$ cat upload-v5.cif   # mmCIF, C-alpha atoms and all ligand atoms
data_query
#
loop_
_atom_site.label_atom_id
_atom_site.label_comp_id
_atom_site.auth_asym_id
_atom_site.auth_seq_id
_atom_site.Cartn_x
_atom_site.Cartn_y
_atom_site.Cartn_z
CA MET A 135 15.17 -26.89 -4.00
CA ASN A 136 12.90 -29.00 -6.23
CA CYS A 137 9.92 -27.96 -8.35
CA ARG A 138 7.32 -28.85 -5.74
CA GLU A 139 9.04 -26.89 -2.98
CA CYS A 140 9.50 -23.99 -5.34
CA THR A 141 5.82 -23.95 -6.32
CA GLU A 142 4.74 -24.10 -2.68
CA HIS A 143 6.32 -20.68 -2.22
CA LEU A 144 4.83 -19.25 -5.40
CA TYR A 145 2.70 -16.46 -3.98
CA GLU A 146 4.92 -15.72 -1.01
CA TYR A 147 7.68 -15.14 -3.52
CA LEU A 148 5.58 -12.91 -5.76
CA ASP A 149 4.24 -11.03 -2.72
CA ARG A 150 7.79 -10.46 -1.44
CA GLU A 151 6.99 -12.20 1.83
CA LEU A 152 10.00 -14.54 2.01
CA THR A 153 13.29 -14.19 3.81
CA SER A 154 16.09 -13.22 1.47
CA ASP A 155 17.67 -16.71 1.80
CA VAL A 156 14.61 -18.52 0.53
CA GLU A 157 13.98 -15.85 -2.05
CA GLN A 158 17.49 -16.38 -3.37
CA GLU A 159 16.98 -20.17 -3.56
CA ILE A 160 13.83 -19.68 -5.54
CA ARG A 161 15.38 -17.19 -7.89
CA GLN A 162 18.10 -19.74 -8.52
CA HIS A 163 15.59 -22.53 -9.19
CA LEU A 164 13.60 -20.33 -11.57
CA ALA A 165 16.75 -19.51 -13.48
CA ASP A 166 17.59 -23.23 -13.81
CA CYS A 167 14.10 -24.56 -14.48
CA PRO A 168 12.21 -23.11 -17.49
CA PRO A 169 8.82 -24.74 -16.67
CA CYS A 170 8.77 -23.21 -13.18
CA GLY A 171 10.03 -19.94 -14.63
CA GLU A 172 7.16 -19.86 -17.09
CA HIS A 173 4.63 -20.75 -14.42
CA PHE A 174 5.85 -17.99 -12.11
CA ASP A 175 5.80 -15.47 -14.96
CA PHE A 176 2.21 -16.39 -15.70
CA GLU A 177 1.15 -15.97 -12.07
CA LYS A 178 2.99 -12.67 -11.81
CA LEU A 179 1.19 -11.45 -14.88
CA PHE A 180 -2.12 -12.54 -13.40
CA LEU A 181 -1.49 -10.62 -10.16
CA ASP A 182 -0.43 -7.50 -12.05
CA PHE A 183 -3.57 -7.76 -14.16
CA LEU A 184 -5.74 -8.22 -11.08
CA ARG A 185 -4.27 -5.20 -9.31
CA ALA A 186 -4.52 -2.96 -12.36
CA ARG A 187 -8.19 -3.86 -12.80
CA CYS A 188 -9.18 -3.35 -9.18
CA ARG A 189 -7.24 -0.37 -7.91
CA ALA A 190 -8.58 2.15 -10.38
CA HIS A 191 -11.81 2.85 -8.53
CA GLY A 192 -12.07 5.25 -5.59
CA ALA A 193 -14.76 6.68 -3.35
CA PRO A 194 -17.40 8.89 -4.99
CA PRO A 195 -16.72 12.62 -4.31
CA GLU A 196 -20.16 13.00 -2.75
CA LEU A 197 -19.24 10.48 -0.05
CA LYS A 198 -16.30 12.59 1.08
CA ARG A 199 -18.55 15.65 1.30
CA LYS A 200 -21.10 13.70 3.33
CA ILE A 201 -18.43 12.50 5.74
CA LEU A 202 -16.96 15.97 6.22
CA ARG A 203 -20.45 17.25 6.94
CA ASP A 204 -21.06 14.40 9.41
CA LEU A 205 -17.84 14.95 11.28
CA PHE A 206 -17.33 18.68 11.22
CA GLY A 207 -20.77 19.97 10.39
CA ALA A 208 -19.48 22.13 7.57
CA MET B 253 3.01 59.16 40.45
CA PRO B 254 -0.10 57.09 40.97
CA PRO B 255 0.02 53.55 39.61
CA PRO B 256 -1.72 53.07 36.28
CA PRO B 257 -5.32 51.94 36.60
CA PRO B 258 -5.78 48.18 36.43
CA PRO B 259 -6.71 46.92 32.99
CA PRO B 260 -10.42 46.64 32.45
CA PRO B 261 -11.83 43.14 33.05
CA ARG B 262 -11.78 40.95 29.97
CA PRO B 263 -15.07 40.37 28.26
CA ALA B 264 -16.74 37.09 29.16
CA GLU B 265 -14.95 34.09 27.61
CA THR B 266 -16.47 32.36 24.61
CA PRO B 267 -18.21 29.15 25.69
CA GLN B 268 -15.19 27.03 24.73
CA PRO B 269 -11.80 27.86 26.20
CA ALA B 270 -9.17 28.61 23.56
CA GLU B 271 -7.18 25.43 24.25
CA SER B 272 -10.06 23.12 23.52
CA VAL B 273 -10.83 24.94 20.28
CA LEU B 274 -7.20 24.46 19.36
CA ALA B 275 -7.27 20.77 20.35
CA GLU B 276 -10.37 20.26 18.25
CA ALA B 277 -8.73 21.93 15.26
CA GLU B 278 -5.66 19.77 15.73
CA LYS B 279 -7.76 16.65 16.01
CA ARG B 280 -9.55 17.54 12.83
CA ALA B 281 -6.33 18.30 10.97
CA SER B 282 -4.66 15.06 12.04
CA PHE B 283 -7.77 13.05 11.22
CA GLU B 284 -7.99 14.58 7.76
CA ARG B 285 -4.30 13.99 7.17
CA GLU B 286 -4.00 10.44 8.52
CA ALA B 287 -7.48 8.93 8.22
CA LEU B 288 -9.43 10.63 5.46
CA THR B 289 -6.57 10.02 3.03
CA HIS B 290 -7.56 6.33 3.15
CA LEU B 291 -11.11 6.98 2.04
CA ASP B 292 -10.63 5.37 -1.38
CA SER B 293 -9.25 2.20 0.20
CA LEU B 294 -12.06 1.98 2.71
CA TYR B 295 -14.63 2.47 0.00
CA ARG B 296 -13.15 -0.20 -2.27
CA VAL B 297 -13.07 -2.72 0.57
CA ALA B 298 -16.60 -1.76 1.68
CA LEU B 299 -17.89 -2.14 -1.84
CA ARG B 300 -16.47 -5.63 -2.19
CA LEU B 301 -17.70 -6.66 1.26
CA THR B 302 -21.25 -5.39 0.86
CA GLY B 303 -21.51 -5.86 -2.89
CA ASN B 304 -23.60 -2.70 -3.19
CA ALA B 305 -22.75 1.01 -3.55
CA ALA B 306 -25.40 2.39 -1.18
CA GLU B 307 -24.43 -0.02 1.61
CA ALA B 308 -20.75 0.70 0.98
CA ASP B 309 -21.45 4.43 1.41
CA ASP B 310 -23.20 3.83 4.73
CA LEU B 311 -20.53 1.46 5.96
CA VAL B 312 -17.72 3.90 5.18
CA GLN B 313 -19.61 6.81 6.75
CA GLU B 314 -20.18 4.82 9.90
CA THR B 315 -16.56 3.70 9.98
CA MET B 316 -15.32 7.28 9.74
CA LEU B 317 -17.68 8.41 12.47
CA LYS B 318 -16.53 5.62 14.79
CA ALA B 319 -12.91 6.29 13.92
CA TYR B 320 -13.24 10.00 14.65
CA ARG B 321 -14.82 9.32 18.04
CA ALA B 322 -12.03 6.88 18.86
CA TRP B 323 -9.28 9.01 17.32
CA HIS B 324 -7.64 9.69 20.68
CA GLN B 325 -7.03 5.94 20.98
CA PHE B 326 -5.22 5.71 17.68
CA GLU B 327 -1.49 5.65 18.18
CA LYS B 328 -0.32 8.54 16.01
CA GLY B 329 2.15 7.59 13.35
CA SER B 330 1.20 3.90 13.39
CA ASN B 331 -0.71 2.15 10.61
CA ALA B 332 -3.91 4.16 10.20
CA LYS B 333 -5.09 2.18 7.19
CA GLY B 334 -4.99 -1.10 9.11
CA TRP B 335 -6.70 0.51 12.09
CA LEU B 336 -9.50 1.91 9.93
CA LEU B 337 -9.98 -1.34 8.04
CA THR B 338 -10.33 -3.19 11.34
CA ILE B 339 -13.07 -0.79 12.41
CA LEU B 340 -14.75 -1.15 9.04
CA ARG B 341 -14.66 -4.92 9.15
CA HIS B 342 -16.10 -5.07 12.66
CA ALA B 343 -18.90 -2.72 11.66
CA PHE B 344 -19.58 -4.88 8.64
CA ILE B 345 -19.69 -8.10 10.63
CA ASN B 346 -21.85 -6.66 13.40
CA GLU B 347 -24.36 -4.70 11.41
CA TYR B 348 -24.34 -5.47 7.74
CA ARG B 349 -23.36 -9.03 7.07
CA ARG B 350 -26.45 -10.66 8.48
CA ARG B 351 -28.67 -8.34 6.53
CA ILE B 352 -26.90 -8.46 3.21
CA ARG B 353 -25.19 -11.75 2.67
CA HIS B 354 -25.51 -15.05 4.39
CA PRO B 355 -22.34 -16.39 5.94
CA GLU B 356 -21.08 -19.36 3.97
CA THR B 357 -21.45 -22.85 5.24
CA VAL B 358 -19.14 -24.48 2.69
CA ASP B 359 -15.92 -26.06 3.87
CA LEU B 360 -13.38 -23.82 2.25
CA ASP B 361 -10.49 -26.16 2.92
CA ALA B 362 -12.22 -28.85 0.90
CA ILE B 363 -12.09 -26.70 -2.22
CA GLU B 364 -9.39 -28.12 -4.40
CA PRO B 365 -7.40 -25.33 -6.02
CA PHE B 366 -6.60 -26.02 -9.65
CA SER B 367 -4.06 -24.45 -11.89
CA VAL B 368 -5.19 -22.48 -14.90
CA PHE B 369 -1.61 -22.35 -16.04
CA ALA B 370 -1.59 -26.10 -16.64
CA ASP B 371 -4.51 -25.62 -19.05
CA VAL B 372 -3.21 -22.63 -20.96
CA GLN B 373 0.52 -23.24 -21.04
CA ASP B 374 0.43 -24.59 -24.58
CA GLU B 375 -2.06 -22.16 -26.09
CA ASP B 376 -1.32 -18.92 -24.19
CA PRO B 377 1.47 -19.27 -21.62
CA GLN B 378 1.77 -15.48 -21.38
CA GLY B 379 -1.86 -15.19 -20.30
CA THR B 380 -2.63 -12.56 -22.94
CA PHE B 381 -6.30 -13.54 -22.72
CA PHE B 382 -6.44 -11.75 -19.35
CA ASP B 383 -5.88 -8.43 -21.09
CA ARG B 384 -9.22 -8.73 -22.85
CA ILE B 385 -11.19 -9.07 -19.61
CA VAL B 386 -12.62 -5.73 -18.46
CA ASP B 387 -12.72 -4.28 -14.92
CA ASP B 388 -16.37 -5.04 -14.27
CA GLU B 389 -15.93 -8.69 -15.07
CA VAL B 390 -13.00 -8.96 -12.67
CA LEU B 391 -14.93 -7.23 -9.89
CA ARG B 392 -17.91 -9.50 -10.52
CA ALA B 393 -15.67 -12.55 -10.21
CA ILE B 394 -14.28 -11.24 -6.89
CA ASP B 395 -17.81 -10.66 -5.63
CA GLN B 396 -18.64 -14.30 -6.29
CA LEU B 397 -15.84 -15.59 -4.06
CA PRO B 398 -16.77 -16.94 -0.63
CA GLU B 399 -16.54 -14.10 1.86
CA GLN B 400 -13.36 -15.27 3.63
CA PHE B 401 -11.58 -15.54 0.31
CA ARG B 402 -13.00 -12.28 -0.95
CA GLU B 403 -11.86 -10.21 2.00
CA THR B 404 -8.38 -11.73 1.89
CA VAL B 405 -7.92 -11.12 -1.82
CA VAL B 406 -9.26 -7.57 -1.54
CA LEU B 407 -6.87 -6.66 1.28
CA SER B 408 -3.95 -8.18 -0.58
CA ASP B 409 -4.49 -7.54 -4.26
CA VAL B 410 -6.70 -4.50 -4.19
CA GLU B 411 -5.15 -2.74 -1.19
CA GLY B 412 -1.63 -4.14 -1.27
CA LEU B 413 -1.36 -5.00 2.44
CA SER B 414 1.26 -7.42 3.76
CA TYR B 415 0.35 -10.88 5.10
CA ASP B 416 1.02 -9.61 8.59
CA GLU B 417 -1.30 -6.63 8.26
CA ILE B 418 -4.01 -8.81 6.75
CA ALA B 419 -3.66 -11.36 9.56
CA ARG B 420 -4.10 -8.60 12.12
CA ILE B 421 -7.18 -7.15 10.45
CA LEU B 422 -8.84 -10.53 9.90
CA GLU B 423 -7.68 -11.82 13.29
CA VAL B 424 -6.35 -15.08 11.89
CA PRO B 425 -2.83 -16.60 11.80
CA VAL B 426 -0.51 -15.64 8.93
CA GLY B 427 -0.66 -19.27 7.72
CA THR B 428 -4.40 -18.89 7.22
CA VAL B 429 -3.87 -15.74 5.19
CA LYS B 430 -1.44 -17.63 2.96
CA SER B 431 -3.72 -20.57 2.36
CA ARG B 432 -6.79 -18.41 1.76
CA LEU B 433 -4.89 -16.21 -0.62
CA PHE B 434 -3.67 -19.21 -2.55
CA ARG B 435 -7.15 -20.71 -2.88
CA ALA B 436 -8.82 -17.38 -3.52
CA ARG B 437 -6.47 -16.43 -6.33
CA ARG B 438 -6.72 -19.83 -7.95
CA MET B 439 -10.49 -19.74 -7.71
CA LEU B 440 -10.54 -16.27 -9.22
CA GLN B 441 -8.25 -17.38 -12.01
CA GLY B 442 -10.60 -20.28 -12.69
CA LYS B 443 -13.63 -17.99 -12.91
CA LEU B 444 -11.88 -15.57 -15.24
CA TYR B 445 -10.58 -18.43 -17.33
CA ASP B 446 -14.11 -19.82 -17.68
CA TYR B 447 -15.31 -16.38 -18.67
CA ALA B 448 -12.55 -16.02 -21.26
CA VAL B 449 -13.37 -19.43 -22.69
CA GLY B 450 -17.07 -18.51 -22.80
CA MET B 451 -16.25 -15.31 -24.64
CA GLY B 452 -14.02 -17.14 -27.08
CA TYR B 453 -10.86 -15.28 -25.99
CA ILE B 454 -9.15 -18.63 -25.55
CA LYS B 455 -10.09 -22.15 -26.70
CA GLY B 456 -9.70 -24.27 -23.58
CA THR B 457 -12.47 -26.13 -21.79
CA PRO B 458 -14.50 -24.54 -18.98
CA LYS B 459 -13.92 -26.10 -15.56
ZN ZN C 501 11.06 -26.34 -11.35
#
$ encode --input "upload-v5.cif" --output "structure tokens"
Amino acid sequence: MNCRECTEHLYEYLDRELTSDVEQEIRQHLADCPPCGEHFDFEKLFLDFLRARCRAHGAPPELKRKILRDLFGA
Amino acid sequence: MPPPPPPPPRPAETPQPAESVLAEAEKRASFEREALTHLDSLYRVALRLTGNAAEADDLVQETMLKAYRAWHQFEKGSNAKGWLLTILRHAFINEYRRRIRHPETVDLDAIEPFSVFADVQDEDPQGTFFDRIVDDEVLRAIDQLPEQFRETVVLSDVEGLSYDEIARILEVPVGTVKSRLFRARRMLQGKLYDYAVGMGYIKGTPK
């Protein structure tokens, strides 16, 4: 696997969407190729950052009360 | 010995027979257990789709109402989150989108994704500048994405769904999910990078 092929699978790899064969090939390339390794680390960090920033917020408590009232009248 | 007198007739039944009261209670319990637990997810997606808390409230309320009416059609034990998000998205498309946001006319495939990493690899290859960007700024950047990118990134990065689940909800091929996700994330990175440069968190040059 070369750098271009490796980078094409960047997000599929980080999202764990690849078959284990391809995943293994990529892991091997990343171990052998520091520039790709660094790039993947950066993207992984970005996704972790994105998720941490966005998943914190939930529905307002009042909304749940409204829905329960709508559905069950209580 | 004379036979015992027959038992007195039962008092008139309550309007609903006992079984249907029981079925209703079971329906409610299963809905609370399997559907209402996804309320936070639905709200987050609704908020990013509508871009406005009041509209998100209405959209989620309507989704839950529709879902409860259709609850008998939901295959118990299957993916309730995906099922609910599909209902939510249809409600959004049919009733909210035209009112709130205008569908984009830009050719999304023509947008050339660029790599922020190429720009920062010398100065900050670990991307530590991201840590200084607060939640609101990230959410604002997501809200500025074209709708097709926004919904894909929200389902993946905010809600953690698989490509397959996203493809089913958005009714597009998995390949489309992949390419949208790639462009959406790169575009988001670019926006946040520009912001970080503007704030002086990193030197760089805005795109
Ligand atoms: Zn490489």
$ interface_residues --input "upload-v5.cif" --of "chain B" --to "chain A" --cutoff "6 Å" --atoms "only C-alpha atoms" --output "PyMOL selection string"
chain B and resi 292+295+313+378+387+409-410
$ residues_around --input "upload-v5.cif" --residues "Cys167 (chain A)" --least-positions-apart "4" --cutoff "12 Å" --atoms "all atoms listed in the file" --output "MDAnalysis selection string"
chainID A and resid 135:138 140:141 160:163 171:174
$ atom_distance --input "upload-v5.cif" --atom1 "CA of Leu340 (chain B)" --atom2 "CA of Leu152 (chain A)"
29.0 Å
$ atom_distance --input "upload-v5.cif" --atom1 "CA of Arg420 (chain B)" --atom2 "CA of Asp388 (chain B)"
29.3 Å
$ closest_residue --input "upload-v5.cif" --among "A:Tyr147, A:Arg199, A:Ala165, A:Gly207" --to "ligand ZN 501 (chain C)" --atoms "all atoms listed in the file"
A:Ala165
$ atom_distance --input "upload-v5.cif" --atom1 "CA of Lys318 (chain B)" --atom2 "CA of Leu336 (chain B)"
9.3 Å
$ closest_residue --input "upload-v5.cif" --among "B:Trp335, B:Phe401, B:Phe434, B:Tyr348" --to "Leu148 (chain A)" --atoms "only C-alpha atoms"
B:Phe434
$ closest_residue --input "upload-v5.cif" --among "B:Arg296, B:Arg438, B:Arg321, B:His290" --to "Gly334 (chain B)" --atoms "all atoms listed in the file"
B:His290
$ residues_around --input "upload-v5.cif" --residues "Glu327 (chain B)" --least-positions-apart "4" --cutoff "12 Å" --atoms "only C-alpha atoms" --output "ChimeraX atom specification"
/B:282-283,286,322-323,331-332,334-335
$ axis_aligned_box --input "upload-v5.cif" --around "region 378-389 of chain B" --padding-each-side "6 Å" --output "JSON"
{"center_x": -7.3, "center_y": -9.9, "center_z": -18.6, "size_x": 30.1, "size_y": 23.2, "size_z": 20.7}
$ residues_around --input "upload-v5.cif" --residues "Leu311 (chain B)" --least-positions-apart "3" --cutoff "7 Å" --atoms "only C-alpha atoms" --output "list in words"
Ala298, Glu307, Ala308, Glu314, Thr315 and Phe344 of chain B
$ decode --input "upload-v5.cif" --residues "region 187-200 of chain A" --atoms "all heavy atoms" --output "short mmCIF file (atom, residue, chain, number, x, y, z; two decimals), in the first residue's frame"
data_model
loop_
_atom_site.label_atom_id
_atom_site.label_comp_id
_atom_site.auth_asym_id
_atom_site.auth_seq_id
_atom_site.Cartn_x
_atom_site.Cartn_y
_atom_site.Cartn_z
N ARG A 187 -16.72 18.10 21.76
CA ARG A 187 -17.36 19.41 21.79
C ARG A 187 -18.86 19.34 21.50
O ARG A 187 -19.61 20.21 21.89
CB ARG A 187 -16.73 20.34 20.74
CG ARG A 187 -15.34 20.81 21.06
CD ARG A 187 -15.34 21.78 22.23
NE ARG A 187 -14.04 22.39 22.42
CZ ARG A 187 -13.07 21.83 23.12
NH1 ARG A 187 -13.26 20.66 23.70
NH2 ARG A 187 -11.91 22.45 23.25
N CYS A 188 -19.28 18.32 20.77
CA CYS A 188 -20.66 18.30 20.29
C CYS A 188 -21.58 17.38 21.07
O CYS A 188 -22.79 17.50 21.01
CB CYS A 188 -20.70 17.87 18.83
SG CYS A 188 -19.87 19.02 17.77
N ARG A 189 -21.03 16.42 21.78
CA ARG A 189 -21.91 15.43 22.40
C ARG A 189 -22.37 15.82 23.79
O ARG A 189 -23.18 15.15 24.40
CB ARG A 189 -21.22 14.07 22.46
CG ARG A 189 -21.15 13.44 21.09
CD ARG A 189 -20.65 12.01 21.11
NE ARG A 189 -20.42 11.56 19.75
CZ ARG A 189 -19.83 10.42 19.42
NH1 ARG A 189 -19.41 9.62 20.38
NH2 ARG A 189 -19.68 10.09 18.18
N ALA A 190 -21.83 16.93 24.30
CA ALA A 190 -22.12 17.30 25.68
C ALA A 190 -23.56 17.75 25.88
O ALA A 190 -24.13 17.57 26.94
CB ALA A 190 -21.16 18.40 26.12
N HIS A 191 -24.16 18.32 24.82
CA HIS A 191 -25.47 18.93 25.01
C HIS A 191 -26.61 17.94 24.81
O HIS A 191 -26.59 17.14 23.90
CB HIS A 191 -25.63 20.08 24.03
CG HIS A 191 -24.54 21.09 24.15
ND1 HIS A 191 -24.61 22.17 24.99
CD2 HIS A 191 -23.31 21.15 23.56
CE1 HIS A 191 -23.47 22.86 24.90
NE2 HIS A 191 -22.67 22.26 24.06
N GLY A 192 -27.62 18.02 25.70
CA GLY A 192 -28.80 17.17 25.55
C GLY A 192 -30.06 18.00 25.44
O GLY A 192 -30.00 19.23 25.36
N ALA A 193 -31.20 17.31 25.47
CA ALA A 193 -32.49 18.00 25.38
C ALA A 193 -32.78 18.75 26.68
O ALA A 193 -32.43 18.27 27.75
CB ALA A 193 -33.58 16.97 25.09
N PRO A 194 -33.42 19.89 26.60
CA PRO A 194 -33.81 20.60 27.83
C PRO A 194 -34.85 19.77 28.60
O PRO A 194 -35.70 19.14 27.98
CB PRO A 194 -34.42 21.91 27.33
CG PRO A 194 -34.51 21.83 25.86
CD PRO A 194 -33.82 20.60 25.38
N PRO A 195 -34.78 19.75 29.94
CA PRO A 195 -35.69 18.93 30.75
C PRO A 195 -37.17 19.26 30.46
O PRO A 195 -38.02 18.38 30.48
CB PRO A 195 -35.34 19.27 32.19
CG PRO A 195 -34.06 20.00 32.15
CD PRO A 195 -33.80 20.48 30.77
N GLU A 196 -37.43 20.53 30.18
CA GLU A 196 -38.81 20.94 29.93
C GLU A 196 -39.39 20.24 28.69
O GLU A 196 -40.58 19.93 28.64
CB GLU A 196 -38.86 22.47 29.79
CG GLU A 196 -40.22 23.08 29.47
CD GLU A 196 -41.34 22.62 30.41
OE1 GLU A 196 -41.07 22.31 31.59
OE2 GLU A 196 -42.49 22.55 29.93
N LEU A 197 -38.53 19.97 27.72
CA LEU A 197 -38.99 19.30 26.51
C LEU A 197 -39.50 17.90 26.82
O LEU A 197 -40.53 17.46 26.31
CB LEU A 197 -37.87 19.25 25.46
CG LEU A 197 -38.20 18.53 24.15
CD1 LEU A 197 -39.37 19.18 23.43
CD2 LEU A 197 -36.98 18.47 23.24
N LYS A 198 -38.78 17.20 27.68
CA LYS A 198 -39.21 15.85 28.03
C LYS A 198 -40.57 15.89 28.74
O LYS A 198 -41.46 15.09 28.46
CB LYS A 198 -38.17 15.17 28.92
CG LYS A 198 -38.57 13.74 29.25
CD LYS A 198 -37.45 12.89 29.74
CE LYS A 198 -37.94 11.46 29.84
NZ LYS A 198 -36.95 10.54 30.37
N ARG A 199 -40.73 16.86 29.63
CA ARG A 199 -42.03 17.00 30.32
C ARG A 199 -43.15 17.28 29.33
O ARG A 199 -44.23 16.70 29.42
CB ARG A 199 -41.95 18.12 31.37
CG ARG A 199 -41.24 17.70 32.66
CD ARG A 199 -41.50 18.69 33.78
NE ARG A 199 -40.82 19.97 33.56
CZ ARG A 199 -39.54 20.19 33.90
NH1 ARG A 199 -38.82 19.24 34.48
NH2 ARG A 199 -38.98 21.37 33.68
N LYS A 200 -42.87 18.16 28.38
CA LYS A 200 -43.88 18.49 27.37
C LYS A 200 -44.29 17.25 26.57
O LYS A 200 -45.46 17.02 26.30
CB LYS A 200 -43.31 19.53 26.38
CG LYS A 200 -43.76 20.96 26.69
CD LYS A 200 -43.44 21.89 25.51
CE LYS A 200 -42.07 22.52 25.65
NZ LYS A 200 -41.64 23.38 24.54
#
